[in-house]
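This is protein00.txt (compact mmCIF, C-alpha atoms).
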```txt
# COMPACT_ATOMS: atom_id res chain seq x y z
CA MET A 668 32.11 -25.09 -89.61
CA ASN A 669 30.90 -25.02 -86.04
CA ASN A 670 31.34 -22.33 -83.43
CA LYS A 671 34.62 -23.75 -82.11
CA GLN A 672 36.28 -23.90 -85.51
CA PHE A 673 35.00 -20.44 -86.25
CA LEU A 674 36.50 -19.02 -83.09
CA THR A 675 39.91 -20.67 -83.57
CA GLU A 676 40.12 -19.26 -87.07
CA LEU A 677 39.06 -15.83 -85.81
CA SER A 678 41.64 -15.88 -83.02
CA GLY A 679 44.35 -16.91 -85.48
CA LYS A 680 43.52 -14.05 -87.81
CA CYS A 681 43.43 -11.39 -85.10
CA GLN A 682 46.37 -12.71 -83.04
CA MET A 683 44.48 -13.24 -79.81
CA SER A 684 43.57 -16.20 -77.61
CA THR A 685 40.46 -18.21 -78.35
CA GLU A 686 38.82 -17.06 -75.11
CA GLN A 687 39.50 -13.47 -75.97
CA ALA A 688 38.08 -13.99 -79.44
CA ALA A 689 34.96 -15.59 -78.01
CA LYS A 690 34.51 -12.68 -75.63
CA GLN A 691 34.97 -10.13 -78.37
CA ALA A 692 32.60 -12.02 -80.69
CA GLN A 693 29.96 -11.97 -77.96
CA THR A 694 30.34 -8.23 -77.43
CA LEU A 695 30.15 -7.67 -81.19
CA ILE A 696 26.91 -9.66 -81.34
CA ASP A 697 25.56 -7.73 -78.36
CA VAL A 698 26.43 -4.43 -80.02
CA MET A 699 24.70 -5.52 -83.21
CA GLU A 700 21.68 -6.72 -81.24
CA ASN A 701 21.34 -3.29 -79.66
CA LEU A 702 21.38 -1.77 -83.12
CA TRP A 703 18.70 -4.17 -84.33
CA GLN A 704 16.55 -3.50 -81.28
CA GLY A 705 16.75 0.18 -82.16
CA GLY A 706 15.61 -0.53 -85.70
CA ASP A 707 18.97 -0.04 -87.41
CA SER A 708 20.41 -2.41 -89.96
CA VAL A 709 23.98 -3.62 -90.15
CA SER A 710 25.36 -3.47 -93.67
CA LEU A 711 28.83 -4.69 -94.53
CA SER A 712 30.31 -4.43 -97.99
CA GLY A 713 31.26 -7.81 -99.35
CA PHE A 714 29.09 -9.63 -96.83
CA GLY A 715 25.54 -8.36 -96.90
CA VAL A 716 22.88 -6.73 -94.79
CA LEU A 717 21.61 -8.01 -91.47
CA GLU A 718 18.39 -6.31 -90.45
CA VAL A 719 15.18 -6.82 -88.55
CA LYS A 720 12.03 -7.02 -90.62
CA LYS A 721 8.44 -7.02 -89.49
CA LYS A 722 6.34 -9.89 -90.77
CA ASN A 723 2.64 -9.17 -90.87
CA GLU A 724 0.06 -11.35 -89.22
CA ARG A 725 -1.46 -13.98 -91.47
CA VAL A 726 -3.98 -16.78 -91.53
CA SER A 727 -2.50 -20.22 -91.98
CA VAL A 728 -4.42 -23.42 -92.61
CA ASN A 729 -3.38 -26.79 -91.32
CA PRO A 730 -3.57 -28.92 -94.48
CA THR A 731 -4.46 -32.16 -92.72
CA THR A 732 -7.14 -30.88 -90.34
CA GLY A 733 -8.24 -27.74 -92.17
CA VAL A 734 -8.02 -25.74 -88.97
CA ARG A 735 -7.43 -22.06 -89.63
CA MET A 736 -4.94 -20.35 -87.38
CA LEU A 737 -4.17 -16.67 -87.01
CA VAL A 738 -0.42 -16.32 -86.84
CA PRO A 739 0.55 -13.10 -85.04
CA PRO A 740 2.88 -10.45 -86.50
CA LYS A 741 6.55 -10.85 -85.62
CA LEU A 742 9.95 -9.31 -85.91
CA VAL A 743 12.52 -11.47 -87.63
CA LEU A 744 16.24 -10.97 -88.13
CA THR A 745 16.95 -11.39 -91.83
CA TYR A 746 20.12 -11.63 -93.86
CA LYS A 747 20.50 -10.57 -97.44
CA PRO A 748 23.82 -11.51 -98.99
CA SER A 749 25.64 -8.81 -100.96
CA SER A 750 25.87 -9.12 -104.72
CA ILE A 751 29.63 -9.58 -104.45
CA LEU A 752 29.16 -12.65 -102.31
CA LYS A 753 26.42 -13.92 -104.60
CA ASP A 754 28.70 -13.62 -107.61
CA LYS A 755 31.26 -15.78 -105.85
CA LEU A 756 28.73 -18.59 -105.65
CA LYS A 757 28.54 -19.00 -109.40
CA MET B 1046 16.42 4.60 -86.05
CA ASP B 1047 16.44 3.08 -89.51
CA LYS B 1048 20.07 3.93 -90.04
CA LYS B 1049 22.44 1.79 -92.01
CA ILE B 1050 25.43 1.00 -89.90
CA ASN B 1051 28.57 0.30 -91.89
CA LEU B 1052 31.85 -1.36 -90.99
CA SER B 1053 33.63 1.61 -89.40
CA GLN B 1054 30.61 2.65 -87.36
CA LEU B 1055 30.24 -0.88 -86.10
CA ALA B 1056 33.94 -0.97 -85.25
CA ASP B 1057 33.53 2.29 -83.31
CA LEU B 1058 30.72 0.86 -81.26
CA LEU B 1059 32.67 -2.33 -80.62
CA ALA B 1060 35.72 -0.37 -79.53
CA GLN B 1061 33.58 1.50 -76.96
CA ALA B 1062 31.95 -1.65 -75.67
CA GLY B 1063 34.86 -4.08 -75.74
CA GLY B 1064 37.76 -1.83 -74.68
CA MET B 1065 39.84 -2.40 -77.80
CA SER B 1066 41.56 0.11 -79.98
CA LYS B 1067 39.63 1.28 -82.98
CA ALA B 1068 42.03 -0.26 -85.46
CA ALA B 1069 41.98 -3.61 -83.69
CA SER B 1070 38.20 -3.72 -83.49
CA GLU B 1071 37.86 -2.80 -87.16
CA GLN B 1072 40.23 -5.63 -87.98
CA PHE B 1073 38.19 -7.91 -85.74
CA VAL B 1074 34.83 -7.07 -87.32
CA LYS B 1075 36.28 -7.43 -90.78
CA SER B 1076 37.74 -10.86 -90.12
CA PHE B 1077 34.58 -11.90 -88.27
CA PHE B 1078 32.46 -11.48 -91.38
CA ASP B 1079 35.20 -12.57 -93.79
CA ILE B 1080 35.45 -15.89 -92.03
CA ILE B 1081 31.71 -16.35 -92.14
CA SER B 1082 31.50 -15.69 -95.87
CA GLN B 1083 34.54 -17.81 -96.65
CA GLY B 1084 33.32 -20.59 -94.41
CA VAL B 1085 29.94 -20.60 -96.12
CA LEU B 1086 31.58 -20.69 -99.55
CA SER B 1087 34.05 -23.43 -98.71
CA GLU B 1088 32.18 -25.61 -96.23
CA GLY B 1089 28.55 -24.70 -96.82
CA LEU B 1090 27.76 -24.15 -93.17
CA VAL B 1091 28.88 -21.75 -90.44
CA LYS B 1092 27.46 -21.82 -86.95
CA VAL B 1093 28.09 -18.79 -84.78
CA LYS B 1094 26.95 -19.10 -81.19
CA GLY B 1095 24.63 -16.27 -80.20
CA LEU B 1096 24.07 -15.13 -83.78
CA GLY B 1097 22.82 -18.03 -85.84
CA THR B 1098 23.60 -20.34 -88.70
CA PHE B 1099 24.64 -19.44 -92.23
CA LYS B 1100 24.00 -22.19 -94.69
CA LEU B 1101 24.48 -22.82 -98.37
CA LEU B 1102 21.32 -24.19 -99.96
CA GLN B 1103 21.11 -25.88 -103.35
CA MET B 1104 18.05 -24.71 -105.27
CA GLU B 1105 16.68 -27.07 -107.89
CA ASP B 1106 15.67 -26.08 -111.40
CA ARG B 1107 12.11 -24.83 -111.50
CA GLU B 1108 9.70 -23.60 -114.08
CA SER B 1109 8.30 -20.12 -114.04
CA VAL B 1110 6.18 -17.86 -116.22
CA ASN B 1111 7.19 -14.51 -117.59
CA VAL B 1112 4.55 -12.18 -116.23
CA ASN B 1113 4.58 -9.87 -119.25
CA THR B 1114 4.62 -12.34 -122.12
CA GLY B 1115 3.14 -15.43 -120.45
CA GLU B 1116 6.05 -17.51 -121.70
CA ARG B 1117 7.24 -20.41 -119.66
CA PHE B 1118 10.91 -20.64 -118.85
CA THR B 1119 13.06 -22.52 -116.39
CA ILE B 1120 14.96 -20.86 -113.61
CA GLU B 1121 18.16 -22.82 -113.45
CA GLY B 1122 19.29 -24.39 -110.23
CA HIS B 1123 21.54 -22.20 -108.16
CA GLN B 1124 23.00 -21.90 -104.72
CA LYS B 1125 21.63 -19.60 -102.09
CA ILE B 1126 22.90 -18.46 -98.72
CA SER B 1127 20.32 -18.80 -95.98
CA PHE B 1128 20.51 -17.46 -92.47
CA SER B 1129 18.53 -18.70 -89.49
CA PRO B 1130 19.02 -16.73 -86.30
CA ASP B 1131 19.89 -18.32 -82.99
CA ALA B 1132 16.74 -19.26 -81.06
CA GLU B 1133 17.52 -16.99 -78.12
CA LEU B 1134 18.44 -14.06 -80.32
CA LYS B 1135 15.26 -14.63 -82.30
CA GLU B 1136 13.18 -14.46 -79.15
CA ARG B 1137 14.90 -11.31 -77.95
CA ILE B 1138 14.43 -9.60 -81.31
CA ASN B 1139 10.75 -10.52 -81.32
CA LYS B 1140 10.22 -9.27 -77.76
CA PRO B 1141 7.86 -6.40 -78.71
CA PHE B 1142 5.50 -8.94 -80.26
CA SER B 1143 6.12 -11.82 -77.89
CA ALA B 1144 2.79 -11.30 -76.15
CA PHE B 1145 0.91 -12.53 -79.19
CA GLU B 1146 0.12 -16.16 -79.66
CA THR B 1147 -1.16 -18.18 -82.56
CA VAL B 1148 -4.89 -18.62 -82.13
CA GLU B 1149 -7.40 -20.90 -83.77
CA ILE B 1150 -10.08 -19.21 -85.80
CA THR B 1151 -13.61 -20.48 -85.37
CA ALA B 1152 -16.05 -20.57 -88.26
CA GLU B 1153 -17.94 -17.49 -87.08
CA GLN B 1154 -14.81 -15.42 -86.72
CA ALA B 1155 -13.70 -16.52 -90.16
CA ALA B 1156 -16.98 -15.33 -91.63
CA GLU B 1157 -16.61 -12.01 -89.89
CA LEU B 1158 -13.06 -11.69 -91.13
CA SER B 1159 -14.01 -12.29 -94.73
CA LYS B 1160 -16.73 -9.67 -94.38
CA LEU B 1161 -14.18 -7.26 -93.05
CA ASP B 1162 -11.80 -8.01 -95.88
CA GLU B 1163 -14.45 -7.05 -98.38
CA SER B 1164 -15.52 -3.86 -96.71
CA VAL B 1165 -12.24 -2.55 -95.35
CA ASN B 1166 -10.01 -3.62 -98.17
CA ASP B 1167 -8.65 -0.18 -98.90
CA SER B 1168 -7.96 1.13 -95.45
CA LYS B 1169 -4.51 0.17 -94.28
CA GLU B 1170 -5.15 0.30 -90.56
CA THR B 1171 -6.12 -2.88 -88.82
CA PRO B 1172 -9.78 -2.51 -87.88
CA GLU B 1173 -10.69 -2.16 -84.21
CA PRO B 1174 -13.37 -4.46 -82.76
CA GLU B 1175 -15.77 -1.53 -82.28
CA GLU B 1176 -15.38 -0.67 -85.90
CA THR B 1177 -16.18 -4.22 -86.92
CA ALA B 1178 -19.37 -4.17 -84.90
CA ALA B 1179 -20.44 -0.98 -86.60
CA ILE B 1180 -19.68 -2.42 -90.00
CA VAL B 1181 -21.57 -5.60 -89.32
CA ALA B 1182 -24.53 -3.58 -88.11
CA ALA B 1183 -24.43 -1.41 -91.20
CA GLU B 1184 -24.27 -4.42 -93.45
CA SER B 1185 -27.19 -6.12 -91.78
CA ALA B 1186 -29.17 -2.90 -92.13
CA LYS B 1187 -28.38 -2.87 -95.83
CA GLU B 1188 -29.46 -6.47 -96.17
CA GLN B 1189 -32.75 -5.67 -94.52
CA LYS B 1190 -33.36 -2.87 -96.97
CA THR B 1191 -32.67 -5.05 -99.95
CA GLU B 1192 -34.95 -7.71 -98.55
CA THR B 1193 -37.89 -5.35 -98.34
CA GLU B 1194 -37.24 -4.06 -101.82
CA SER B 1195 -37.21 -7.43 -103.53
CA GLN B 1196 -39.73 -9.62 -101.79
CA PRO B 1197 -40.55 -12.01 -104.68
CA GLU B 1198 -36.94 -13.02 -104.96
CA VAL B 1199 -36.82 -13.75 -101.29
CA LYS B 1200 -39.86 -15.95 -101.61
CA GLU B 1201 -38.20 -17.98 -104.32
CA VAL B 1202 -35.13 -18.39 -102.21
CA THR B 1203 -37.12 -19.56 -99.20
CA GLN B 1204 -38.99 -22.05 -101.36
CA LYS B 1205 -35.72 -23.47 -102.64
CA ARG B 1206 -34.44 -23.73 -99.12
CA PHE B 1207 -37.58 -25.49 -98.03
CA THR B 1208 -37.34 -28.15 -100.74
CA ARG B 1209 -33.71 -28.66 -99.93
CA PHE B 1210 -34.54 -29.09 -96.29
CA ILE B 1211 -37.18 -31.71 -97.07
CA LEU B 1212 -34.77 -33.60 -99.30
CA LYS B 1213 -32.20 -33.65 -96.56
CA LEU B 1214 -34.79 -34.85 -94.09
CA LEU B 1215 -35.79 -37.71 -96.38
CA ILE B 1216 -32.20 -38.77 -96.85
CA TRP B 1217 -31.65 -38.76 -93.12
CA ILE B 1218 -34.72 -40.85 -92.46
CA LEU B 1219 -33.66 -43.37 -95.08
CA ALA B 1220 -30.16 -43.56 -93.65
CA ILE B 1221 -31.42 -44.08 -90.13
CA ALA B 1222 -33.88 -46.71 -91.27
CA LEU B 1223 -31.02 -48.59 -92.90
CA VAL B 1224 -28.47 -48.21 -90.16
CA VAL B 1225 -30.54 -48.98 -87.12
CA PRO B 1226 -31.45 -52.60 -87.98
CA VAL B 1227 -27.88 -53.31 -88.96
CA LEU B 1228 -26.57 -51.94 -85.69
CA LEU B 1229 -29.22 -53.79 -83.76
CA TYR B 1230 -28.32 -57.00 -85.51
CA LEU B 1231 -24.62 -56.58 -84.89
CA PHE B 1232 -24.85 -55.68 -81.25
CA TRP B 1233 -27.85 -57.80 -80.38
CA PRO B 1234 -26.30 -59.87 -77.60
CA LEU B 1235 -25.09 -56.73 -75.88
CA VAL B 1236 -27.77 -54.23 -76.67
CA GLY B 1237 -30.84 -56.42 -76.80
CA CYS B 1238 -30.64 -57.30 -73.17
CA GLN B 1239 -30.04 -53.69 -72.23
CA ILE B 1240 -33.10 -52.66 -74.20
CA LEU B 1241 -35.20 -55.29 -72.61
CA GLY B 1242 -34.06 -54.25 -69.20
CA TYR B 1243 -34.55 -50.60 -69.97
CA ILE B 1244 -38.00 -51.03 -71.38
CA ASP B 1245 -39.05 -53.45 -68.70
CA ASN B 1246 -37.98 -50.91 -66.23
CA ARG B 1247 -39.97 -48.20 -67.91
CA MET B 1248 -43.18 -50.08 -68.61
CA GLY B 1249 -43.26 -52.20 -65.51
CA LYS B 1250 -43.31 -55.95 -65.54
CA LYS B 1251 -46.76 -56.26 -67.09
CA GLN B 1252 -45.50 -55.21 -70.50
CA PRO B 1253 -44.31 -58.25 -72.47
CA ALA B 1254 -40.77 -57.88 -73.71
CA VAL B 1255 -41.44 -59.11 -77.24
CA THR B 1256 -43.54 -56.17 -78.31
CA THR B 1257 -41.20 -53.57 -76.92
CA VAL B 1258 -38.31 -54.68 -79.07
CA GLU B 1259 -40.06 -53.42 -82.13
CA THR B 1260 -40.27 -49.79 -81.07
CA PRO B 1261 -37.49 -48.29 -83.13
CA LYS B 1262 -37.19 -44.96 -81.36
CA ASP B 1263 -36.26 -46.40 -78.02
CA SER B 1264 -33.93 -48.91 -79.53
CA LEU B 1265 -32.16 -46.20 -81.44
CA LYS B 1266 -31.53 -44.28 -78.30
CA VAL B 1267 -30.11 -47.25 -76.52
CA THR B 1268 -27.88 -48.38 -79.33
CA GLU B 1269 -26.38 -44.99 -79.62
CA ILE B 1270 -25.71 -44.73 -75.97
CA GLU B 1271 -24.33 -48.20 -75.79
CA GLN B 1272 -21.46 -47.63 -78.17
CA PRO B 1273 -19.53 -45.04 -76.20
CA ALA B 1274 -20.23 -47.04 -73.09
CA GLU B 1275 -18.34 -49.96 -74.60
CA THR B 1276 -15.19 -47.90 -74.75
CA VAL B 1277 -15.18 -47.31 -71.04
CA LYS B 1278 -12.44 -49.40 -69.58
CA PRO B 1279 -13.74 -52.57 -68.08
CA ALA B 1280 -14.15 -51.75 -64.45
CA ALA B 1281 -12.04 -53.86 -62.20
CA PRO B 1282 -14.21 -53.84 -59.10
CA VAL B 1283 -17.36 -55.51 -60.35
CA GLU B 1284 -18.44 -56.19 -56.80
CA PRO B 1285 -21.91 -54.79 -56.62
CA ALA B 1286 -23.02 -52.50 -53.84
CA LYS B 1287 -24.80 -53.88 -50.82
CA PRO B 1288 -28.39 -53.72 -52.03
CA VAL B 1289 -27.48 -55.52 -55.21
CA GLN B 1290 -26.16 -58.48 -53.34
CA ALA B 1291 -29.20 -58.67 -51.18
CA THR B 1292 -31.69 -58.86 -54.00
CA GLN B 1293 -29.75 -60.80 -56.58
CA ALA B 1294 -31.07 -64.21 -55.61
CA THR B 1295 -34.70 -63.29 -56.03
CA ALA B 1296 -34.05 -61.15 -59.05
CA THR B 1297 -32.80 -63.83 -61.39
CA ILE B 1298 -36.12 -65.53 -62.01
CA ARG B 1299 -38.25 -62.88 -63.60
CA PRO B 1300 -36.17 -61.86 -66.65
CA VAL B 1301 -35.87 -65.46 -67.75
CA LYS B 1302 -39.59 -65.59 -68.21
CA LEU B 1303 -39.68 -62.37 -70.10
CA THR B 1304 -36.96 -62.90 -72.70
CA PRO B 1305 -38.23 -64.67 -75.79
CA ALA B 1306 -35.06 -65.75 -77.54
CA ASP B 1307 -33.27 -68.77 -76.20
CA GLU B 1308 -29.87 -67.37 -76.93
CA ALA B 1309 -30.47 -64.25 -74.98
CA LYS B 1310 -31.60 -66.13 -71.92
CA ASP B 1311 -28.21 -66.78 -70.44
CA LEU B 1312 -26.95 -63.31 -71.10
CA SER B 1313 -30.05 -61.66 -69.81
CA LEU B 1314 -29.47 -63.35 -66.51
CA PHE B 1315 -26.48 -61.15 -66.13
CA THR B 1316 -27.53 -58.02 -67.89
CA THR B 1317 -31.11 -57.45 -66.91
CA ALA B 1318 -31.15 -59.02 -63.51
CA ASP B 1319 -29.99 -55.90 -61.77
CA THR B 1320 -31.83 -53.44 -63.87
CA VAL B 1321 -35.37 -54.56 -63.17
CA ASN B 1322 -35.34 -54.98 -59.47
CA TYR B 1323 -34.94 -51.58 -57.97
CA ARG B 1324 -37.21 -48.75 -57.07
CA ILE B 1325 -36.14 -45.18 -57.14
CA THR B 1326 -36.76 -43.90 -53.67
CA GLY B 1327 -35.14 -40.51 -53.73
CA GLU B 1328 -32.11 -38.56 -54.73
CA LEU B 1329 -28.72 -39.82 -53.70
CA ALA B 1330 -26.54 -37.06 -55.07
CA THR B 1331 -26.00 -34.71 -57.96
CA HIS B 1332 -22.99 -35.52 -60.06
CA VAL B 1333 -21.13 -33.00 -62.22
CA LEU B 1334 -19.79 -34.71 -65.31
CA LYS B 1335 -16.07 -34.76 -65.83
CA LYS B 1336 -14.15 -35.37 -69.01
CA GLY B 1337 -14.52 -38.89 -70.41
CA GLU B 1338 -17.38 -39.89 -68.16
CA THR B 1339 -20.49 -41.67 -69.38
CA LEU B 1340 -23.67 -42.67 -67.65
CA THR B 1341 -22.32 -46.16 -67.22
CA LYS B 1342 -19.25 -44.73 -65.55
CA VAL B 1343 -21.39 -42.72 -63.17
CA ALA B 1344 -23.46 -45.80 -62.41
CA LEU B 1345 -20.30 -47.73 -61.69
CA ASP B 1346 -19.08 -45.01 -59.36
CA TYR B 1347 -22.25 -44.73 -57.34
CA TYR B 1348 -23.74 -48.22 -57.38
CA GLY B 1349 -20.72 -50.37 -58.09
CA SER B 1350 -22.34 -51.73 -61.26
CA LYS B 1351 -22.38 -50.42 -64.81
CA LYS B 1352 -25.67 -52.13 -65.48
CA LEU B 1353 -27.64 -49.75 -63.36
CA TRP B 1354 -27.21 -46.77 -65.66
CA PRO B 1355 -30.80 -46.90 -66.98
CA TYR B 1356 -32.01 -45.78 -63.58
CA ILE B 1357 -29.96 -42.66 -63.90
CA ALA B 1358 -31.31 -42.15 -67.40
CA LYS B 1359 -34.84 -42.58 -66.17
CA TYR B 1360 -34.31 -40.20 -63.31
CA ASN B 1361 -32.89 -37.52 -65.59
CA LYS B 1362 -35.63 -37.32 -68.17
CA ASN B 1363 -35.04 -33.60 -68.48
CA LEU B 1364 -31.75 -34.36 -70.25
CA LYS B 1365 -33.17 -35.69 -73.44
CA ASN B 1366 -30.07 -36.51 -75.42
CA PHE B 1367 -27.63 -38.62 -73.49
CA ASN B 1368 -25.32 -38.69 -76.45
CA ASN B 1369 -24.75 -35.02 -76.21
CA LEU B 1370 -23.75 -34.62 -72.60
CA LYS B 1371 -21.16 -32.00 -71.94
CA VAL B 1372 -18.46 -31.69 -69.34
CA GLY B 1373 -20.00 -29.88 -66.39
CA ASP B 1374 -23.54 -31.13 -66.98
CA LYS B 1375 -25.28 -31.91 -63.72
CA ILE B 1376 -26.72 -35.38 -63.38
CA ARG B 1377 -29.02 -36.34 -60.55
CA VAL B 1378 -28.22 -39.76 -59.22
CA PRO B 1379 -31.26 -41.54 -57.79
CA LYS B 1380 -31.32 -43.54 -54.61
CA LEU B 1381 -32.18 -47.16 -55.30
CA GLU B 1382 -33.91 -49.72 -53.12
CA GLY B 1383 -34.44 -53.37 -53.93
CA LYS B 1384 -38.01 -54.40 -54.71
```
Let me see the file written as structure tokens.
Amino acid sequence: MNNKQFLTELSGKCQMSTEQAAKQAQTLIDVMENLWQGGDSVSLSGFGVLEVKKKNERVSVNPTTGVRMLVPPKLVLTYKPSSILKDKLK
Amino acid sequence: MDKKINLSQLADLLAQAGGMSKAASEQFVKSFFDIISQGVLSEGLVKVKGLGTFKLLQMEDRESVNVNTGERFTIEGHQKISFSPDAELKERINKPFSAFETVEITAEQAAELSKLDESVNDSKETPEPEETAAIVAAESAKEQKTETESQPEVKEVTQKRFTRFILKLLIWILAIALVVPVLLYLFWPLVGCQILGYIDNRMGKKQPAVTTVETPKDSLKVTEIEQPAETVKPAAPVEPAKPVQATQATATIRPVKLTPADEAKDLSLFTTADTVNYRITGELATHVLKKGETLTKVALDYYGSKKLWPYIAKYNKNLKNFNNLKVGDKIRVPKLEGK
């Protein structure tokens, strides 16, 4: 499902135009991004948790050349599906 | 900070930002995530612009070991939902750390790091550079102490090292003794003439060429230099500089007399003719080496002929190893005058 299909389905469900749905989706993502920037996590029952995690710096080795690289620490947005959603997979 | 935001709180925030009623925004958020989860379950892939991609991944069966009992068992294949954030969103999230870049670690730094790991294993803070210096100093001090305490051991160690060094040296000498004749044989038509020219140039014309061929040290030098020179793109303008033209006619006779092998005669006409017939009269310029340049290249640039590089070599005796020239090395280019 690509972005377009997603938005048409969303607009159908909420009884609004596709443009409106796209606009609202963007504001929702912006709102969530602000939360993540502040260190909060977004947790939705039945869907999962979206949160920012800090990955520590590490040393990686290029297997072909053997060159050792220091990879810097970084912040990554992670998603952990809820157990309800996981159960539906089985 | 570090709060968990649930559905209604998120809907509140959305209602403030998007100008919708609270009920409508709650409905919107709910269907937003419902569609994602349903889409992933039914189609296996949902792309949301500005957020990222949710994907259903098939995990294969794999074997694992029970940590407590040591028993092997298979984890059965299952499906997993993965999420990869949108590239732009990813960058914005990582903004606090965006200044860092992946850096290569040199051997020395790696050694220092491993030292640090041993000594600062317990402390959670990342060590500051000053700290590391102190630690290294302390460690070296310790090492010195232990050295003075156990001198016999040290002696043994140095002896071992010495024998190892001699072994290595022997192996190297053997290898060189084997490789040099082979290389000489292979590249004879190219290198031989260069050597002759080079040595002629050095010894003056009185020295017969036959004897000089047998000096292995000089020949080694030249063979090694010659190889990278081959890779230099064949220079298009082979037109020699003015002095070369002037002296070429008279120059051709002498090398023919000097070269012993009949085969090499014809070639030597071309290769040694130029290299024997000049005098170094002064300094023309100093050249700073750029990337990819060799002595032959420099010779080509200044004299219009690759063959004249031995003059540069002769004039720069202070640079002993021409194989190990670095970018930025200064090379003095001599001024040449026909004999």
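Atom CA of Asp707 of chain A lies 25.0 Å from atom CA of Ala688 of chain A.
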(Q) Using all atoms listed in the file and a cut-off of 9 Å, which residues of chain A sit close to chain B? Please list them as a PyMOL selection string. (A) chain A and resi 668-671+673-674+676-677+680-681+688+690-700+702-714+716+719+726+734-748+752-753+755-757
Q. By how many Å are atom CA of Ser1159 of chain B and atom CA of Glu724 of chain A apart?
A. 15.1 Å
Q) atom CA of Leu1353 of chain B and atom CA of Gln1239 of chain B, how far apart in Å? A) 10.0 Å
Give the centre and edge lengths of an axis-aligned box, in Å to one decimal, that holds all listed atoms of segment 672-686 of chain A with 8 Å on each side, as AutoDock Vina command-line options.
```
--center_x 40.7 --center_y -17.6 --center_z -81.5 --size_x 27.4 --size_y 28.5 --size_z 28.7
```
